[in-house]
>>> print(open('start-v4.txt').read())   # compact mmCIF, N, CA and C atoms
# COMPACT_ATOMS: atom_id res chain seq x y z
N MET A 1401 125.83 95.70 75.36
CA MET A 1401 126.82 95.51 76.39
C MET A 1401 126.45 94.34 77.29
N PHE A 1402 125.18 94.13 77.59
CA PHE A 1402 124.76 93.06 78.46
C PHE A 1402 124.24 91.87 77.68
N ARG A 1403 124.67 91.70 76.45
CA ARG A 1403 124.22 90.58 75.64
C ARG A 1403 125.35 89.57 75.48
N LYS A 1404 124.95 88.32 75.36
CA LYS A 1404 125.93 87.29 75.03
C LYS A 1404 125.40 86.53 73.84
N GLU A 1405 126.26 86.07 72.99
CA GLU A 1405 125.83 85.38 71.78
C GLU A 1405 125.84 83.88 72.01
N ASN A 1406 124.84 83.24 71.44
CA ASN A 1406 124.78 81.79 71.47
C ASN A 1406 125.27 81.30 70.11
N GLN A 1407 126.46 80.72 70.06
CA GLN A 1407 127.09 80.35 68.80
C GLN A 1407 126.44 79.14 68.14
N ARG A 1408 125.90 78.22 68.92
CA ARG A 1408 125.38 76.98 68.35
C ARG A 1408 124.13 77.20 67.51
N GLU A 1409 123.22 78.03 67.95
CA GLU A 1409 121.96 78.19 67.25
C GLU A 1409 121.99 79.34 66.25
N GLY A 1410 123.02 80.12 66.26
CA GLY A 1410 123.13 81.20 65.30
C GLY A 1410 122.24 82.39 65.63
N ARG A 1411 121.72 82.46 66.79
CA ARG A 1411 120.88 83.60 67.16
C ARG A 1411 121.38 84.18 68.47
N LYS A 1412 121.00 85.39 68.70
CA LYS A 1412 121.42 86.05 69.92
C LYS A 1412 120.43 85.75 71.03
N SER A 1413 120.96 85.34 72.15
CA SER A 1413 120.12 85.22 73.34
C SER A 1413 120.74 86.13 74.38
N GLY A 1414 119.92 86.85 75.05
CA GLY A 1414 120.48 87.81 75.98
C GLY A 1414 119.66 87.94 77.23
N TYR A 1415 120.04 88.87 77.97
CA TYR A 1415 119.35 89.17 79.21
C TYR A 1415 118.15 90.05 78.92
N ILE A 1416 117.10 89.81 79.64
CA ILE A 1416 115.91 90.64 79.49
C ILE A 1416 115.77 91.46 80.77
N PHE A 1417 115.77 92.74 80.61
CA PHE A 1417 115.62 93.63 81.75
C PHE A 1417 114.17 94.09 81.84
N THR A 1418 113.70 94.22 83.04
CA THR A 1418 112.31 94.63 83.23
C THR A 1418 112.25 95.77 84.23
N VAL A 1419 111.16 96.47 84.20
CA VAL A 1419 110.97 97.57 85.13
C VAL A 1419 109.98 97.19 86.22
N LYS A 1420 109.61 95.91 86.31
CA LYS A 1420 108.66 95.48 87.32
C LYS A 1420 109.28 95.58 88.71
N THR A 1421 108.46 95.99 89.66
CA THR A 1421 108.90 96.07 91.05
C THR A 1421 107.81 95.49 91.95
N HIS A 1422 108.17 95.25 93.19
CA HIS A 1422 107.18 94.84 94.18
C HIS A 1422 106.51 96.09 94.74
N THR A 1423 105.20 96.06 94.85
CA THR A 1423 104.49 97.24 95.31
C THR A 1423 104.57 97.37 96.82
N LYS A 1424 104.71 98.60 97.28
CA LYS A 1424 104.75 98.85 98.72
C LYS A 1424 103.41 98.54 99.37
N LYS A 1425 102.32 98.80 98.64
CA LYS A 1425 100.99 98.50 99.17
C LYS A 1425 100.80 97.00 99.32
N GLY A 1426 101.34 96.22 98.41
CA GLY A 1426 101.25 94.77 98.50
C GLY A 1426 102.02 94.23 99.70
N ILE A 1427 103.20 94.77 99.93
CA ILE A 1427 104.00 94.36 101.08
C ILE A 1427 103.30 94.77 102.37
N MET A 1428 102.72 95.95 102.41
CA MET A 1428 101.98 96.39 103.60
C MET A 1428 100.76 95.51 103.82
N SER A 1429 100.13 95.06 102.76
CA SER A 1429 98.99 94.17 102.88
C SER A 1429 99.39 92.85 103.54
N VAL A 1430 100.56 92.33 103.16
CA VAL A 1430 101.05 91.09 103.77
C VAL A 1430 101.34 91.31 105.25
N ILE A 1431 101.97 92.42 105.58
CA ILE A 1431 102.30 92.72 106.98
C ILE A 1431 101.03 92.83 107.81
N LEU A 1432 100.02 93.53 107.31
CA LEU A 1432 98.77 93.65 108.04
C LEU A 1432 98.07 92.30 108.18
N GLY A 1433 98.15 91.45 107.16
CA GLY A 1433 97.56 90.13 107.23
C GLY A 1433 98.22 89.26 108.28
N VAL A 1434 99.55 89.31 108.35
CA VAL A 1434 100.28 88.52 109.35
C VAL A 1434 99.95 89.02 110.76
N ILE A 1435 99.91 90.33 110.95
CA ILE A 1435 99.58 90.89 112.26
C ILE A 1435 98.18 90.49 112.68
N SER A 1436 97.22 90.56 111.76
CA SER A 1436 95.84 90.25 112.13
C SER A 1436 95.68 88.76 112.45
N ILE A 1437 96.28 87.88 111.66
CA ILE A 1437 96.17 86.45 111.94
C ILE A 1437 96.86 86.11 113.26
N PHE A 1438 98.02 86.69 113.50
CA PHE A 1438 98.72 86.45 114.76
C PHE A 1438 97.88 86.92 115.95
N SER A 1439 97.26 88.08 115.84
CA SER A 1439 96.45 88.61 116.94
C SER A 1439 95.23 87.74 117.20
N ILE A 1440 94.59 87.26 116.14
CA ILE A 1440 93.41 86.42 116.30
C ILE A 1440 93.78 85.08 116.93
N VAL A 1441 94.86 84.49 116.44
CA VAL A 1441 95.30 83.20 117.00
C VAL A 1441 95.70 83.37 118.47
N ALA A 1442 96.38 84.47 118.80
CA ALA A 1442 96.76 84.72 120.19
C ALA A 1442 95.53 84.90 121.08
N ALA A 1443 94.52 85.61 120.59
CA ALA A 1443 93.30 85.80 121.39
C ALA A 1443 92.57 84.48 121.59
N ILE A 1444 92.52 83.65 120.55
CA ILE A 1444 91.87 82.34 120.68
C ILE A 1444 92.63 81.46 121.67
N TYR A 1445 93.96 81.46 121.56
CA TYR A 1445 94.77 80.64 122.46
C TYR A 1445 94.64 81.09 123.91
N LEU A 1446 94.69 82.40 124.14
CA LEU A 1446 94.58 82.90 125.51
C LEU A 1446 93.19 82.66 126.10
N THR A 1447 92.17 82.73 125.27
CA THR A 1447 90.82 82.42 125.73
C THR A 1447 90.71 80.94 126.07
N TYR A 1448 91.29 80.08 125.26
CA TYR A 1448 91.30 78.65 125.54
C TYR A 1448 92.05 78.35 126.83
N LYS A 1449 93.18 79.01 127.01
CA LYS A 1449 93.98 78.82 128.21
C LYS A 1449 93.26 79.33 129.46
N ASN A 1450 92.38 80.30 129.29
CA ASN A 1450 91.59 80.88 130.40
C ASN A 1450 90.28 80.12 130.59
N LYS A 1451 90.20 78.89 130.07
CA LYS A 1451 89.04 77.99 130.20
C LYS A 1451 87.78 78.55 129.55
N GLY A 1452 87.94 79.24 128.45
CA GLY A 1452 86.79 79.69 127.67
C GLY A 1452 86.23 81.04 128.03
N SER A 1453 86.73 81.67 129.05
CA SER A 1453 86.21 83.00 129.40
C SER A 1453 87.13 84.06 128.79
N ALA A 1454 86.56 84.81 127.87
CA ALA A 1454 87.33 85.85 127.18
C ALA A 1454 87.17 87.17 127.90
N ILE A 1455 88.26 87.85 128.12
CA ILE A 1455 88.19 89.18 128.73
C ILE A 1455 87.98 90.20 127.60
N PRO A 1456 87.48 91.37 127.93
CA PRO A 1456 87.18 92.36 126.88
C PRO A 1456 88.38 92.78 126.04
N GLU A 1457 89.58 92.68 126.58
CA GLU A 1457 90.77 93.06 125.82
C GLU A 1457 90.98 92.13 124.62
N TYR A 1458 90.62 90.85 124.77
CA TYR A 1458 90.74 89.91 123.65
C TYR A 1458 89.75 90.28 122.55
N GLY A 1459 88.57 90.68 122.93
CA GLY A 1459 87.59 91.11 121.94
C GLY A 1459 88.03 92.36 121.21
N ALA A 1460 88.65 93.29 121.95
CA ALA A 1460 89.16 94.51 121.32
C ALA A 1460 90.30 94.18 120.36
N ALA A 1461 91.15 93.22 120.74
CA ALA A 1461 92.24 92.82 119.86
C ALA A 1461 91.72 92.19 118.57
N VAL A 1462 90.67 91.37 118.69
CA VAL A 1462 90.09 90.75 117.50
C VAL A 1462 89.40 91.79 116.63
N LEU A 1463 88.74 92.76 117.24
CA LEU A 1463 88.11 93.84 116.49
C LEU A 1463 89.17 94.65 115.73
N LEU A 1464 90.27 94.95 116.39
CA LEU A 1464 91.36 95.68 115.73
C LEU A 1464 91.97 94.83 114.62
N ALA A 1465 92.08 93.52 114.83
CA ALA A 1465 92.60 92.63 113.80
C ALA A 1465 91.66 92.60 112.59
N MET A 1466 90.36 92.67 112.84
CA MET A 1466 89.40 92.71 111.74
C MET A 1466 89.57 93.99 110.92
N LEU A 1467 89.80 95.10 111.60
CA LEU A 1467 90.04 96.36 110.89
C LEU A 1467 91.34 96.29 110.08
N PHE A 1468 92.38 95.68 110.67
CA PHE A 1468 93.63 95.49 109.93
C PHE A 1468 93.40 94.65 108.69
N SER A 1469 92.60 93.59 108.82
CA SER A 1469 92.33 92.72 107.68
C SER A 1469 91.56 93.45 106.59
N LEU A 1470 90.61 94.28 106.99
CA LEU A 1470 89.86 95.04 105.98
C LEU A 1470 90.77 96.02 105.23
N ILE A 1471 91.60 96.73 105.98
CA ILE A 1471 92.53 97.68 105.36
C ILE A 1471 93.54 96.94 104.48
N GLY A 1472 94.05 95.81 104.97
CA GLY A 1472 94.99 95.01 104.19
C GLY A 1472 94.37 94.47 102.93
N MET A 1473 93.10 94.09 103.01
CA MET A 1473 92.40 93.59 101.83
C MET A 1473 92.29 94.69 100.77
N VAL A 1474 91.94 95.89 101.20
CA VAL A 1474 91.83 97.02 100.27
C VAL A 1474 93.19 97.32 99.64
N LEU A 1475 94.24 97.34 100.47
CA LEU A 1475 95.58 97.60 99.93
C LEU A 1475 96.00 96.51 98.95
N GLY A 1476 95.69 95.26 99.25
CA GLY A 1476 96.03 94.17 98.35
C GLY A 1476 95.33 94.27 97.02
N VAL A 1477 94.05 94.61 97.05
CA VAL A 1477 93.29 94.72 95.81
C VAL A 1477 93.77 95.92 95.00
N VAL A 1478 94.03 97.02 95.66
CA VAL A 1478 94.51 98.22 94.95
C VAL A 1478 95.86 97.95 94.30
N SER A 1479 96.76 97.27 95.02
CA SER A 1479 98.08 97.00 94.44
C SER A 1479 98.01 95.90 93.39
N ARG A 1480 97.01 95.04 93.45
CA ARG A 1480 96.84 93.99 92.43
C ARG A 1480 96.39 94.58 91.10
N VAL A 1481 95.69 95.70 91.13
CA VAL A 1481 95.17 96.33 89.92
C VAL A 1481 96.27 97.09 89.16
N GLU A 1482 97.34 97.47 89.85
CA GLU A 1482 98.41 98.22 89.20
C GLU A 1482 99.06 97.39 88.09
N LYS A 1483 99.49 98.06 87.05
CA LYS A 1483 100.11 97.41 85.89
C LYS A 1483 101.62 97.34 86.08
N ASP A 1484 102.24 96.38 85.38
CA ASP A 1484 103.69 96.19 85.36
C ASP A 1484 104.30 96.08 86.75
N GLN A 1485 103.71 95.27 87.59
CA GLN A 1485 104.21 95.00 88.93
C GLN A 1485 104.26 93.50 89.15
N TYR A 1486 105.07 93.08 90.10
CA TYR A 1486 105.02 91.69 90.52
C TYR A 1486 103.80 91.51 91.41
N TYR A 1487 103.12 90.39 91.27
CA TYR A 1487 101.86 90.20 91.98
C TYR A 1487 101.93 89.19 93.13
N PHE A 1488 103.14 88.79 93.54
CA PHE A 1488 103.25 87.83 94.63
C PHE A 1488 102.74 88.41 95.95
N PHE A 1489 103.23 89.57 96.34
CA PHE A 1489 102.82 90.17 97.61
C PHE A 1489 101.35 90.59 97.63
N PRO A 1490 100.83 91.19 96.57
CA PRO A 1490 99.39 91.50 96.60
C PRO A 1490 98.52 90.25 96.72
N ASN A 1491 98.88 89.18 95.99
CA ASN A 1491 98.09 87.95 96.09
C ASN A 1491 98.19 87.33 97.47
N LEU A 1492 99.40 87.29 98.03
CA LEU A 1492 99.59 86.75 99.37
C LEU A 1492 98.86 87.60 100.41
N GLY A 1493 98.89 88.92 100.25
CA GLY A 1493 98.19 89.81 101.17
C GLY A 1493 96.69 89.63 101.12
N ILE A 1494 96.14 89.47 99.91
CA ILE A 1494 94.71 89.23 99.78
C ILE A 1494 94.34 87.92 100.46
N PHE A 1495 95.15 86.87 100.25
CA PHE A 1495 94.86 85.57 100.87
C PHE A 1495 94.93 85.65 102.39
N LEU A 1496 95.98 86.26 102.94
CA LEU A 1496 96.13 86.34 104.39
C LEU A 1496 95.01 87.16 105.03
N ASN A 1497 94.67 88.27 104.41
CA ASN A 1497 93.61 89.11 104.97
C ASN A 1497 92.25 88.43 104.85
N PHE A 1498 92.03 87.68 103.77
CA PHE A 1498 90.80 86.92 103.64
C PHE A 1498 90.72 85.87 104.75
N MET A 1499 91.85 85.21 105.04
CA MET A 1499 91.86 84.22 106.11
C MET A 1499 91.59 84.87 107.46
N GLY A 1500 92.11 86.06 107.69
CA GLY A 1500 91.84 86.78 108.93
C GLY A 1500 90.36 87.13 109.06
N LEU A 1501 89.77 87.61 107.97
CA LEU A 1501 88.34 87.93 108.00
C LEU A 1501 87.49 86.67 108.18
N ALA A 1502 87.93 85.57 107.58
CA ALA A 1502 87.21 84.31 107.75
C ALA A 1502 87.28 83.82 109.18
N MET A 1503 88.43 84.00 109.82
CA MET A 1503 88.57 83.59 111.22
C MET A 1503 87.66 84.42 112.12
N VAL A 1504 87.59 85.72 111.89
CA VAL A 1504 86.69 86.57 112.68
C VAL A 1504 85.24 86.18 112.43
N SER A 1505 84.91 85.87 111.19
CA SER A 1505 83.55 85.45 110.88
C SER A 1505 83.19 84.15 111.59
N MET A 1506 84.13 83.21 111.65
CA MET A 1506 83.89 81.95 112.35
C MET A 1506 83.69 82.17 113.85
N ILE A 1507 84.46 83.09 114.42
CA ILE A 1507 84.31 83.40 115.84
C ILE A 1507 82.94 84.00 116.10
N LEU A 1508 82.54 84.94 115.25
CA LEU A 1508 81.22 85.58 115.42
C LEU A 1508 80.09 84.57 115.19
N TYR A 1509 80.25 83.68 114.23
CA TYR A 1509 79.24 82.68 113.96
C TYR A 1509 79.11 81.70 115.12
N ALA A 1510 80.24 81.31 115.70
CA ALA A 1510 80.22 80.39 116.85
C ALA A 1510 79.63 81.06 118.08
N GLY A 1511 79.77 82.36 118.18
CA GLY A 1511 79.24 83.08 119.35
C GLY A 1511 77.75 83.32 119.29
N VAL A 1512 77.18 83.26 118.11
CA VAL A 1512 75.76 83.50 117.95
C VAL A 1512 75.05 82.21 118.23
>>> encode(input="start-v4.txt", output="structure tokens")
Amino acid sequence: MFRKENQREGRKSGYIFTVKTHTKKGIMSVILGVISIFSIVAAIYLTYKNKGSAIPEYGAAVLLAMLFSLIGMVLGVVSRVEKDQYYFFPNLGIFLNFMGLAMVSMILYAGV
């Protein structure tokens, strides 16, 4: 019913249906990555605007962002291992969460 014939080549070409879907864990991984990067960038910007003196709330926000990145990384890896799924969101989530963890690592390295 969903096939169309190609008359020129003498063979049937049709639509290919798939059961692949985007994983909810992969999408959640991307959301957590975006939240963590936004929080880290906001804390860095507000500290810069405050002439380099960070208040404890900024540190708590970065710590929470680090936890979000760790959870997002786990969700991304778990959803990447699943079979017959689209891998765009898990790959993007792993990348964003890795960038968030790298940013926290750079902040900690600069503070030492």
>>> select_by_dssp(input="start-v4.txt", residues="chain A", states="strand (DSSP E)", output="JSON, numbers by chain")
{"A": [1403, 1404, 1405, 1406, 1411, 1412, 1413, 1414, 1421, 1422, 1485, 1486]}
>>> atom_distance(input="start-v4.txt", atom1="atom C of A:Gly1493", atom2="atom CA of A:Met1473")
5.9 Å
>>> closest_residue(input="start-v4.txt", among="A:Gly1459, A:Ile1437, A:Glu1482, A:Val1474", to="A:Leu1501", atoms="only N, CA and C atoms")
A:Ile1437
>>> atom_distance(input="start-v4.txt", atom1="atom CA of A:Phe1488", atom2="atom CA of A:Lys1425")
11.8 Å
>>> closest_residue(input="start-v4.txt", among="A:Val1512, A:Ala1443, A:Met1506, A:Ile1435", to="A:Ser1469", atoms="all atoms listed in the file")
A:Ile1435
